[in-house]
Amino acid sequence: MAKKKQIDLDALDQNKSISKEVFLKELKKYQLNLLQLQLRLKESNRSVAIVIEGPDAAGKGGAIKRLVECLDPRLVRVYSIVKPTQEEYRHHYMWRFWNKIPAKGELVIFDRSWYGRVLVERVEGFATGREWKQAYQEINEFERTLINNGTIIVKAFMMITKEEQLRRFKARAAEPFKHWKINEEDWRNRRKWKEHNEAATVMFEKTSTKLAPWTIIAANYKWYARVKLAQTVYEKIESELKKG
């Protein structure tokens, strides 16, 4: 088997911008398409789990907001995954995700996910080497189980440059209404930029499978990234629903 080509996240083409006119037109198109897919999903035996990862300030929250704003909220849930509680620490790390898996006809979005084990937990030492190394197989088996049960999995990694992240951090710190978006943990993570990118590169190699591939989205330009995410989600769900 040929070895997968290693991905250099810092070399990702970030010169992908679109005008506001194109952004609004394309976003509206995909929002309508997704709403129609949601109606088909409701009548099927399928469900959708969308995993969104990426560095701090990559625009995940804004992209998710646009993705779901025209959908039926009764059939959509968004989970922002944060530090595990003491109760969750007592269990296997995947335990806290099982009760968040979508029921048939539902769509669930994970703003960060079970991939934390091989990303931040690996980099920050919250998981031992043995734990995060065996997690790749555990994650692939977990996702295969969901897919075999009818779940459509979409995985997107929104990437920005280190320079763009700094610009966004400073903008958040200067805006009173955005202070809640920035904290010391964000600055600490930034100091390990290289380590986080290395962890993500290994994650792509180990977990981008034929059934559940990763899509890497250049996110320096928010309008482009939001449309690209909506397109990625729509095309994956449409393709899977056609299969029946």
# chains A, B, ... in the order shown; residues from 1 in each chain; ligands from 1
>>> closest_atom_pairs(of="stretch 16-58 of chain A", to="stretch 185-204 of chain A", cutoff="10 Å", atoms="only C-alpha atoms", output="tab-separated table")
residue	atom	partner	partner_atom	distance
A:Glu53	CA	A:Ala200	CA	9.5
A:Gly54	CA	A:Ala200	CA	8.7
A:Pro55	CA	A:His196	CA	8.2
A:Asp56	CA	A:Asp186	CA	6.5
A:Ala57	CA	A:Asp186	CA	8.8
>>> select_by_dssp(residues="stretch 144-225 of chain A", states="alpha helix (DSSP H)", output="number ranges by chain")
A: 144-148, 162-174, 184-190, 193-207, 222-225
>>> residues_around(residues="A:Ile147", least_positions_apart="4", cutoff="10 Å", atoms="only C-alpha atoms", output="list in words")
Arg46, Ser47, Val48, Ala49, Glu141, Phe142, Glu143, Thr151, Ile152, Ile153, Leu211 and Ala212 of chain A
>>> residues_around(residues="A:Phe97", least_positions_apart="4", cutoff="9 Å", atoms="only C-alpha atoms", output="JSON, numbers by chain")
{"A": [93, 101, 113, 114]}
>>> residues_around(residues="A:Asp72", least_positions_apart="5", cutoff="12 Å", atoms="only C-alpha atoms", output="ChimeraX atom specification")
/A:31-32,34-39,41-42,67,77,105-107
>>> write_last_selection(atoms="N, CA and C atoms", output="PDB file, in the first residue's frame")
ATOM      1  N   GLN A  31     -27.574  26.716   1.750  1.00  0.00           N
ATOM      2  CA  GLN A  31     -28.503  26.656   2.876  1.00  0.00           C
ATOM      3  C   GLN A  31     -29.845  26.068   2.435  1.00  0.00           C
ATOM      4  N   LEU A  32     -30.313  26.467   1.262  1.00  0.00           N
ATOM      5  CA  LEU A  32     -31.568  25.926   0.735  1.00  0.00           C
ATOM      6  C   LEU A  32     -31.409  24.447   0.395  1.00  0.00           C
ATOM      7  N   LEU A  34     -29.338  22.338   1.740  1.00  0.00           N
ATOM      8  CA  LEU A  34     -29.231  21.584   2.989  1.00  0.00           C
ATOM      9  C   LEU A  34     -30.601  21.423   3.650  1.00  0.00           C
ATOM     10  N   LEU A  35     -31.437  22.450   3.566  1.00  0.00           N
ATOM     11  CA  LEU A  35     -32.784  22.341   4.128  1.00  0.00           C
ATOM     12  C   LEU A  35     -33.568  21.252   3.408  1.00  0.00           C
ATOM     13  N   GLN A  36     -33.442  21.180   2.099  1.00  0.00           N
ATOM     14  CA  GLN A  36     -34.126  20.135   1.339  1.00  0.00           C
ATOM     15  C   GLN A  36     -33.581  18.756   1.685  1.00  0.00           C
ATOM     16  N   LEU A  37     -32.262  18.675   1.891  1.00  0.00           N
ATOM     17  CA  LEU A  37     -31.668  17.405   2.304  1.00  0.00           C
ATOM     18  C   LEU A  37     -32.147  17.003   3.690  1.00  0.00           C
ATOM     19  N   GLN A  38     -32.331  17.995   4.549  1.00  0.00           N
ATOM     20  CA  GLN A  38     -32.787  17.704   5.902  1.00  0.00           C
ATOM     21  C   GLN A  38     -34.168  17.055   5.877  1.00  0.00           C
ATOM     22  N   LEU A  39     -35.023  17.505   4.982  1.00  0.00           N
ATOM     23  CA  LEU A  39     -36.359  16.916   4.855  1.00  0.00           C
ATOM     24  C   LEU A  39     -36.260  15.468   4.382  1.00  0.00           C
ATOM     25  N   LEU A  41     -33.625  13.580   4.872  1.00  0.00           N
ATOM     26  CA  LEU A  41     -32.985  12.856   5.977  1.00  0.00           C
ATOM     27  C   LEU A  41     -34.018  12.453   7.024  1.00  0.00           C
ATOM     28  N   LYS A  42     -34.956  13.348   7.293  1.00  0.00           N
ATOM     29  CA  LYS A  42     -35.994  13.101   8.297  1.00  0.00           C
ATOM     30  C   LYS A  42     -36.809  11.867   7.951  1.00  0.00           C
ATOM     31  N   LEU A  67     -24.156  27.521   8.791  1.00  0.00           N
ATOM     32  CA  LEU A  67     -24.523  26.194   8.301  1.00  0.00           C
ATOM     33  C   LEU A  67     -25.923  25.792   8.762  1.00  0.00           C
ATOM     34  N   ARG A  77     -28.636  19.567  16.427  1.00  0.00           N
ATOM     35  CA  ARG A  77     -27.989  19.859  17.705  1.00  0.00           C
ATOM     36  C   ARG A  77     -26.525  20.201  17.446  1.00  0.00           C
ATOM     37  N   GLY A 105     -32.664  10.498  11.384  1.00  0.00           N
ATOM     38  CA  GLY A 105     -33.353  11.707  10.942  1.00  0.00           C
ATOM     39  C   GLY A 105     -32.758  12.991  11.490  1.00  0.00           C
ATOM     40  N   GLU A 106     -31.789  12.880  12.389  1.00  0.00           N
ATOM     41  CA  GLU A 106     -31.200  14.061  13.013  1.00  0.00           C
ATOM     42  C   GLU A 106     -29.819  14.389  12.455  1.00  0.00           C
ATOM     43  N   LEU A 107     -29.417  15.639  12.659  1.00  0.00           N
ATOM     44  CA  LEU A 107     -28.099  16.115  12.270  1.00  0.00           C
ATOM     45  C   LEU A 107     -27.436  16.733  13.501  1.00  0.00           C
TER      46      LEU A 107
END
>>> atom_distance(atom1="atom CA of A:Gln165", atom2="atom CA of A:Phe177")
18.3 Å
>>> closest_residue(among="A:Ala225, A:Leu166, A:Ala173, A:Ala135", to="A:His92", atoms="only C-alpha atoms")
A:Ala135
>>> atom_distance(atom1="atom CA of A:Ser44", atom2="atom CA of A:Lys236")
15.7 Å
>>> residues_around(residues="A:Ile109", least_positions_apart="3", cutoff="9 Å", atoms="only C-alpha atoms", output="JSON, numbers by chain")
{"A": [48, 49, 50, 51, 52, 64, 76, 77, 78, 79, 80, 112]}
>>> residues_around(residues="A:Gly59", least_positions_apart="6", cutoff="9 Å", atoms="only C-alpha atoms", output="count of residues only")
8
>>> closest_residue(among="A:Asn99, A:Gln14, A:Thr85, A:Ser208", to="A:Val154", atoms="only C-alpha atoms")
A:Ser208
>>> select_by_dssp(residues="stretch 21-152 of chain A", states="strand (DSSP E)", output="list in words")
Ser47, Val48, Ala49, Ile50, Val51, Ile52, Glu53, Val76, Arg77, Val78, Tyr79, Ser80, Leu107, Val108, Ile109, Phe110, Asp111, Thr151 and Ile152 of chain A
>>> write_last_selection(atoms="N, CA and C atoms", output="mmCIF file, in the first residue's frame")
data_model
loop_
_atom_site.group_PDB
_atom_site.id
_atom_site.type_symbol
_atom_site.label_atom_id
_atom_site.label_comp_id
_atom_site.auth_asym_id
_atom_site.auth_seq_id
_atom_site.Cartn_x
_atom_site.Cartn_y
_atom_site.Cartn_z
ATOM 1 N N SER A 47 -28.694 9.303 9.649
ATOM 2 C CA SER A 47 -28.434 10.459 10.505
ATOM 3 C C SER A 47 -27.115 11.062 10.048
ATOM 4 N N VAL A 48 -26.802 12.246 10.546
ATOM 5 C CA VAL A 48 -25.574 12.929 10.127
ATOM 6 C C VAL A 48 -24.800 13.416 11.340
ATOM 7 N N ALA A 49 -23.506 13.108 11.369
ATOM 8 C CA ALA A 49 -22.602 13.621 12.399
ATOM 9 C C ALA A 49 -21.505 14.421 11.694
ATOM 10 N N ILE A 50 -21.441 15.716 11.990
ATOM 11 C CA ILE A 50 -20.453 16.595 11.371
ATOM 12 C C ILE A 50 -19.401 16.959 12.412
ATOM 13 N N VAL A 51 -18.154 16.659 12.100
ATOM 14 C CA VAL A 51 -17.038 16.939 13.000
ATOM 15 C C VAL A 51 -16.249 18.110 12.437
ATOM 16 N N ILE A 52 -16.068 19.157 13.245
ATOM 17 C CA ILE A 52 -15.312 20.322 12.789
ATOM 18 C C ILE A 52 -14.169 20.584 13.757
ATOM 19 N N GLU A 53 -12.959 20.519 13.236
ATOM 20 C CA GLU A 53 -11.762 20.773 14.026
ATOM 21 C C GLU A 53 -10.971 21.913 13.397
ATOM 22 N N VAL A 76 -31.729 19.506 14.730
ATOM 23 C CA VAL A 76 -30.299 19.854 14.701
ATOM 24 C C VAL A 76 -29.804 20.097 16.116
ATOM 25 N N ARG A 77 -28.636 19.567 16.427
ATOM 26 C CA ARG A 77 -27.989 19.859 17.705
ATOM 27 C C ARG A 77 -26.525 20.201 17.446
ATOM 28 N N VAL A 78 -26.030 21.182 18.199
ATOM 29 C CA VAL A 78 -24.622 21.576 18.088
ATOM 30 C C VAL A 78 -23.982 21.405 19.455
ATOM 31 N N TYR A 79 -22.890 20.654 19.494
ATOM 32 C CA TYR A 79 -22.165 20.436 20.739
ATOM 33 C C TYR A 79 -20.792 21.093 20.660
ATOM 34 N N SER A 80 -20.541 22.007 21.568
ATOM 35 C CA SER A 80 -19.214 22.614 21.682
ATOM 36 C C SER A 80 -18.459 21.832 22.752
ATOM 37 N N LEU A 107 -29.417 15.639 12.659
ATOM 38 C CA LEU A 107 -28.099 16.115 12.270
ATOM 39 C C LEU A 107 -27.436 16.733 13.501
ATOM 40 N N VAL A 108 -26.225 16.277 13.802
ATOM 41 C CA VAL A 108 -25.487 16.774 14.953
ATOM 42 C C VAL A 108 -24.139 17.322 14.495
ATOM 43 N N ILE A 109 -23.755 18.457 15.046
ATOM 44 C CA ILE A 109 -22.459 19.065 14.736
ATOM 45 C C ILE A 109 -21.612 19.082 15.993
ATOM 46 N N PHE A 110 -20.383 18.623 15.863
ATOM 47 C CA PHE A 110 -19.423 18.657 16.959
ATOM 48 C C PHE A 110 -18.388 19.747 16.687
ATOM 49 N N ASP A 111 -18.440 20.801 17.483
ATOM 50 C CA ASP A 111 -17.424 21.856 17.434
ATOM 51 C C ASP A 111 -16.290 21.388 18.334
ATOM 52 N N THR A 151 -25.183 6.212 9.992
ATOM 53 C CA THR A 151 -24.768 7.605 10.215
ATOM 54 C C THR A 151 -23.836 8.065 9.097
ATOM 55 N N ILE A 152 -24.124 9.233 8.551
ATOM 56 C CA ILE A 152 -23.248 9.869 7.570
ATOM 57 C C ILE A 152 -22.276 10.760 8.331
#
>>> closest_residue(among="A:Pro102, A:Glu184, A:Ile18, A:Trp132", to="A:Val120", atoms="only C-alpha atoms")
A:Trp132
